[in-house]
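Reviewing the structure listed below.
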Amino acid sequence: MDPQQTNSTRPGAGGRLGDSWEDGPSDTERSPADAFKDLGSHLGELKAYATYYLSAKADGIRVSVRNLGLYAVLGVVGLTAGGAAVVTATVLLLTGIAGAISAIFRSDFTPPDRTWIGEITVGILILGGVAIGAILFMKKLTAASRERTVKKYESRQQQQRIKYGHDVHERAESAR
């Protein structure tokens with residue numbers, strides 16, 4: 001065989017003498033068709049990478065939303081269980097207090113089925129305490145809100161006096 005042909009040369013069939021089968025044409029020898037073919041393969045590769053990236057991001061968001069949902073459900077379950085425990089403890093405490101008050105009012109002369117006295121007494125005390133607490137809370141909240149509003153408008157009037165030499169009230173009095 002010819003030593004040149006054992007070098008993986010491809011004579012004929014569109015190839016040039018001396019071209020290696022594994023080496024493509026140099027950039028200066030490439031045709032526009034080769035460049036477009038390469039561009040197509042590179043665009044396909046870019047599309048595959050972009051799709052991969054977007055798919056990974058979407059999966060990450062799905063996992064985050066799923067985890068958020070799971071934690072929300074666990075929070076609701078925990079809150080419900082905790083609330084039920086507090087309600088149960090409160091009922092047991094109030095029932096015990098009502099029983100103790102009923103026992104105080106029991107005597108040898110009254111029948112033992114007078115538990116309603118303790119229940120009514122505890123109910124009135126608890127509801128009265130809640131009502132008084134709510135009234136005091138609302139008064140404090142309203143007073144604090146009113147105080148903030150008064151300070152806000154006093155500050156604005158002071159800024160008006162500094163900037164304009166008079167405030168809105170002085171201007172209204174002079175307009176009469």
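Chain labels A, B, ... are given in the sequence in which chains occur in the structure tokens; within each chain residues are numbered consecutively from 1, and ligands are likewise numbered from 1 in the order shown.
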Within 9 Å of Phe105 of chain A, counting only C-alpha atoms, which residues qualify if same-chain residues fewer than 5 places away don't, as a PDB file with C-alpha atoms, in the first residue's frame?
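Full text of result03.pdb as output:
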ATOM      1  CA  ALA A 100     -64.769  22.651  94.679  1.00  0.00           C
ATOM      2  CA  THR A 110     -78.791  20.126 100.801  1.00  0.00           C
ATOM      3  CA  ARG A 114     -76.267  20.943  93.422  1.00  0.00           C
ATOM      4  CA  ILE A 117     -74.001  26.334  91.813  1.00  0.00           C
ATOM      5  CA  GLY A 118     -70.267  25.856  91.241  1.00  0.00           C
TER       6      GLY A 118
END
List as an mmCIF file with all heavy atoms, in the first residue's frame the protein and nucleic acid residues near Ser102 of chain A, meaning an atom at most 10 Å away when only C-alpha atoms are counted, but skip any in the same chain fewer than 2 places from it.
data_model
loop_
_atom_site.group_PDB
_atom_site.id
_atom_site.type_symbol
_atom_site.label_atom_id
_atom_site.label_comp_id
_atom_site.auth_asym_id
_atom_site.auth_seq_id
_atom_site.Cartn_x
_atom_site.Cartn_y
_atom_site.Cartn_z
ATOM 1 N N GLY A 96 -62.898 21.355 87.838
ATOM 2 C CA GLY A 96 -62.409 21.131 89.196
ATOM 3 C C GLY A 96 -62.760 22.284 90.128
ATOM 4 O O GLY A 96 -63.177 22.071 91.273
ATOM 5 N N ILE A 97 -62.596 23.518 89.640
ATOM 6 C CA ILE A 97 -62.957 24.687 90.462
ATOM 7 C C ILE A 97 -64.451 24.687 90.747
ATOM 8 O O ILE A 97 -64.891 24.945 91.882
ATOM 9 C CB ILE A 97 -62.519 25.996 89.756
ATOM 10 C CG1 ILE A 97 -60.997 26.078 89.710
ATOM 11 C CG2 ILE A 97 -63.090 27.211 90.467
ATOM 12 C CD1 ILE A 97 -60.465 27.211 88.843
ATOM 13 N N ALA A 98 -65.260 24.371 89.716
ATOM 14 C CA ALA A 98 -66.713 24.318 89.913
ATOM 15 C C ALA A 98 -67.075 23.246 90.920
ATOM 16 O O ALA A 98 -67.950 23.453 91.783
ATOM 17 C CB ALA A 98 -67.422 24.057 88.582
ATOM 18 N N GLY A 99 -66.426 22.096 90.862
ATOM 19 C CA GLY A 99 -66.686 21.028 91.835
ATOM 20 C C GLY A 99 -66.307 21.452 93.239
ATOM 21 O O GLY A 99 -67.014 21.145 94.212
ATOM 22 N N ALA A 100 -65.190 22.185 93.350
ATOM 23 C CA ALA A 100 -64.769 22.651 94.679
ATOM 24 C C ALA A 100 -65.759 23.655 95.238
ATOM 25 O O ALA A 100 -66.106 23.607 96.433
ATOM 26 C CB ALA A 100 -63.380 23.270 94.578
ATOM 27 N N ILE A 104 -68.198 23.341 98.579
ATOM 28 C CA ILE A 104 -68.270 24.336 99.661
ATOM 29 C C ILE A 104 -69.732 24.613 100.019
ATOM 30 O O ILE A 104 -70.080 24.753 101.198
ATOM 31 C CB ILE A 104 -67.550 25.639 99.239
ATOM 32 C CG1 ILE A 104 -66.048 25.411 99.168
ATOM 33 C CG2 ILE A 104 -67.862 26.782 100.206
ATOM 34 C CD1 ILE A 104 -65.272 26.559 98.566
ATOM 35 N N PHE A 105 -70.607 24.694 99.011
ATOM 36 C CA PHE A 105 -72.013 25.007 99.265
ATOM 37 C C PHE A 105 -72.822 23.789 99.700
ATOM 38 O O PHE A 105 -73.975 23.927 100.061
ATOM 39 C CB PHE A 105 -72.664 25.633 98.016
ATOM 40 C CG PHE A 105 -72.219 27.046 97.775
ATOM 41 C CD1 PHE A 105 -71.412 27.363 96.684
ATOM 42 C CD2 PHE A 105 -72.601 28.054 98.640
ATOM 43 C CE1 PHE A 105 -71.020 28.668 96.458
ATOM 44 C CE2 PHE A 105 -72.202 29.362 98.424
ATOM 45 C CZ PHE A 105 -71.405 29.662 97.330
ATOM 46 N N ARG A 106 -72.266 22.606 99.668
ATOM 47 C CA ARG A 106 -72.966 21.409 100.092
ATOM 48 C C ARG A 106 -72.967 21.324 101.623
ATOM 49 O O ARG A 106 -71.992 21.649 102.265
ATOM 50 C CB ARG A 106 -72.252 20.176 99.544
ATOM 51 C CG ARG A 106 -73.159 19.356 98.679
ATOM 52 C CD ARG A 106 -72.489 18.121 98.173
ATOM 53 N NE ARG A 106 -72.384 18.264 96.718
ATOM 54 C CZ ARG A 106 -71.384 17.868 95.996
ATOM 55 N NH1 ARG A 106 -70.370 17.271 96.544
ATOM 56 N NH2 ARG A 106 -71.375 18.060 94.717
ATOM 57 N N SER A 107 -74.026 20.857 102.095
ATOM 58 C CA SER A 107 -74.082 20.601 103.545
ATOM 59 C C SER A 107 -74.953 19.375 103.757
ATOM 60 O O SER A 107 -75.477 18.782 102.825
ATOM 61 C CB SER A 107 -74.665 21.812 104.275
ATOM 62 O OG SER A 107 -76.026 21.973 103.936
ATOM 63 N N PRO A 112 -76.886 16.331 97.254
ATOM 64 C CA PRO A 112 -75.578 16.405 96.591
ATOM 65 C C PRO A 112 -75.633 16.774 95.112
ATOM 66 O O PRO A 112 -74.601 16.950 94.504
ATOM 67 C CB PRO A 112 -75.016 15.002 96.773
ATOM 68 C CG PRO A 112 -76.177 14.131 97.027
ATOM 69 C CD PRO A 112 -77.242 14.991 97.641
ATOM 70 N N ASP A 113 -76.790 16.894 94.514
ATOM 71 C CA ASP A 113 -76.860 17.193 93.087
ATOM 72 C C ASP A 113 -76.898 18.699 92.791
ATOM 73 O O ASP A 113 -77.505 19.132 91.835
ATOM 74 C CB ASP A 113 -78.056 16.487 92.456
ATOM 75 C CG ASP A 113 -79.371 16.962 93.030
ATOM 76 O OD1 ASP A 113 -79.360 17.598 94.086
ATOM 77 O OD2 ASP A 113 -80.405 16.702 92.381
ATOM 78 N N ARG A 114 -76.282 19.489 93.621
ATOM 79 C CA ARG A 114 -76.267 20.943 93.422
ATOM 80 C C ARG A 114 -74.957 21.411 92.789
ATOM 81 O O ARG A 114 -74.418 22.447 93.149
ATOM 82 C CB ARG A 114 -76.453 21.651 94.766
ATOM 83 C CG ARG A 114 -77.707 21.309 95.494
ATOM 84 C CD ARG A 114 -78.749 22.347 95.202
ATOM 85 N NE ARG A 114 -80.022 21.934 95.786
ATOM 86 C CZ ARG A 114 -80.749 22.700 96.526
ATOM 87 N NH1 ARG A 114 -80.349 23.907 96.807
ATOM 88 N NH2 ARG A 114 -81.896 22.272 96.991
ATOM 89 N N THR A 115 -74.446 20.682 91.821
ATOM 90 C CA THR A 115 -73.197 21.070 91.156
ATOM 91 C C THR A 115 -73.382 22.319 90.305
ATOM 92 O O THR A 115 -72.414 23.009 90.006
ATOM 93 C CB THR A 115 -72.677 19.925 90.263
ATOM 94 O OG1 THR A 115 -73.670 19.583 89.321
ATOM 95 C CG2 THR A 115 -72.300 18.723 91.085
ATOM 96 N N TRP A 116 -74.613 22.633 89.948
ATOM 97 C CA TRP A 116 -74.874 23.793 89.109
ATOM 98 C C TRP A 116 -74.434 25.083 89.798
ATOM 99 O O TRP A 116 -74.084 26.059 89.118
ATOM 100 C CB TRP A 116 -76.346 23.869 88.715
ATOM 101 C CG TRP A 116 -77.296 23.927 89.878
ATOM 102 C CD1 TRP A 116 -77.872 22.874 90.507
ATOM 103 C CD2 TRP A 116 -77.738 25.095 90.553
ATOM 104 N NE1 TRP A 116 -78.662 23.309 91.540
ATOM 105 C CE2 TRP A 116 -78.603 24.688 91.586
ATOM 106 C CE3 TRP A 116 -77.511 26.464 90.383
ATOM 107 C CZ2 TRP A 116 -79.218 25.576 92.444
ATOM 108 C CZ3 TRP A 116 -78.141 27.346 91.239
ATOM 109 C CH2 TRP A 116 -78.985 26.905 92.266
ATOM 110 N N ILE A 117 -74.403 25.118 91.105
ATOM 111 C CA ILE A 117 -74.001 26.334 91.813
ATOM 112 C C ILE A 117 -72.533 26.652 91.475
ATOM 113 O O ILE A 117 -72.193 27.791 91.132
ATOM 114 C CB ILE A 117 -74.187 26.170 93.340
ATOM 115 C CG1 ILE A 117 -75.666 26.029 93.671
ATOM 116 C CG2 ILE A 117 -73.570 27.347 94.092
ATOM 117 C CD1 ILE A 117 -75.930 25.672 95.120
ATOM 118 N N GLY A 118 -71.678 25.649 91.570
ATOM 119 C CA GLY A 118 -70.267 25.856 91.241
ATOM 120 C C GLY A 118 -70.070 26.175 89.774
ATOM 121 O O GLY A 118 -69.248 27.031 89.412
ATOM 122 N N GLU A 119 -70.806 25.507 88.904
ATOM 123 C CA GLU A 119 -70.663 25.742 87.461
ATOM 124 C C GLU A 119 -71.074 27.158 87.087
ATOM 125 O O GLU A 119 -70.402 27.831 86.299
ATOM 126 C CB GLU A 119 -71.475 24.709 86.691
ATOM 127 C CG GLU A 119 -70.918 23.290 86.837
ATOM 128 C CD GLU A 119 -71.869 22.222 86.331
ATOM 129 O OE1 GLU A 119 -73.002 22.554 85.925
ATOM 130 O OE2 GLU A 119 -71.471 21.045 86.335
ATOM 131 N N ILE A 120 -72.180 27.617 87.649
ATOM 132 C CA ILE A 120 -72.641 28.979 87.363
ATOM 133 C C ILE A 120 -71.643 29.999 87.905
ATOM 134 O O ILE A 120 -71.309 30.980 87.234
ATOM 135 C CB ILE A 120 -74.052 29.221 87.931
ATOM 136 C CG1 ILE A 120 -75.073 28.442 87.111
ATOM 137 C CG2 ILE A 120 -74.392 30.707 87.940
ATOM 138 C CD1 ILE A 120 -76.481 28.503 87.646
ATOM 139 N N THR A 121 -71.157 29.761 89.112
ATOM 140 C CA THR A 121 -70.211 30.696 89.730
ATOM 141 C C THR A 121 -68.932 30.800 88.897
ATOM 142 O O THR A 121 -68.459 31.902 88.593
ATOM 143 C CB THR A 121 -69.872 30.242 91.168
ATOM 144 O OG1 THR A 121 -71.075 30.084 91.910
ATOM 145 C CG2 THR A 121 -68.959 31.229 91.852
#
Residue set, chain A restricted to alpha helix (DSSP H), as a PyMOL selection string: chain A and resi 32-105+115-164+168-175
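Picture a line from atom CA of Ile124 of chain A to atom CA of Thr80 of chain A; it runs 27.1 Å.
The coordinates place atom CA of Asp167 of chain A at 10.7 Å from atom CA of Tyr153 of chain A.
Picture a line from atom CA of Ala134 of chain A to atom CA of Leu94 of chain A; it runs 20.0 Å.
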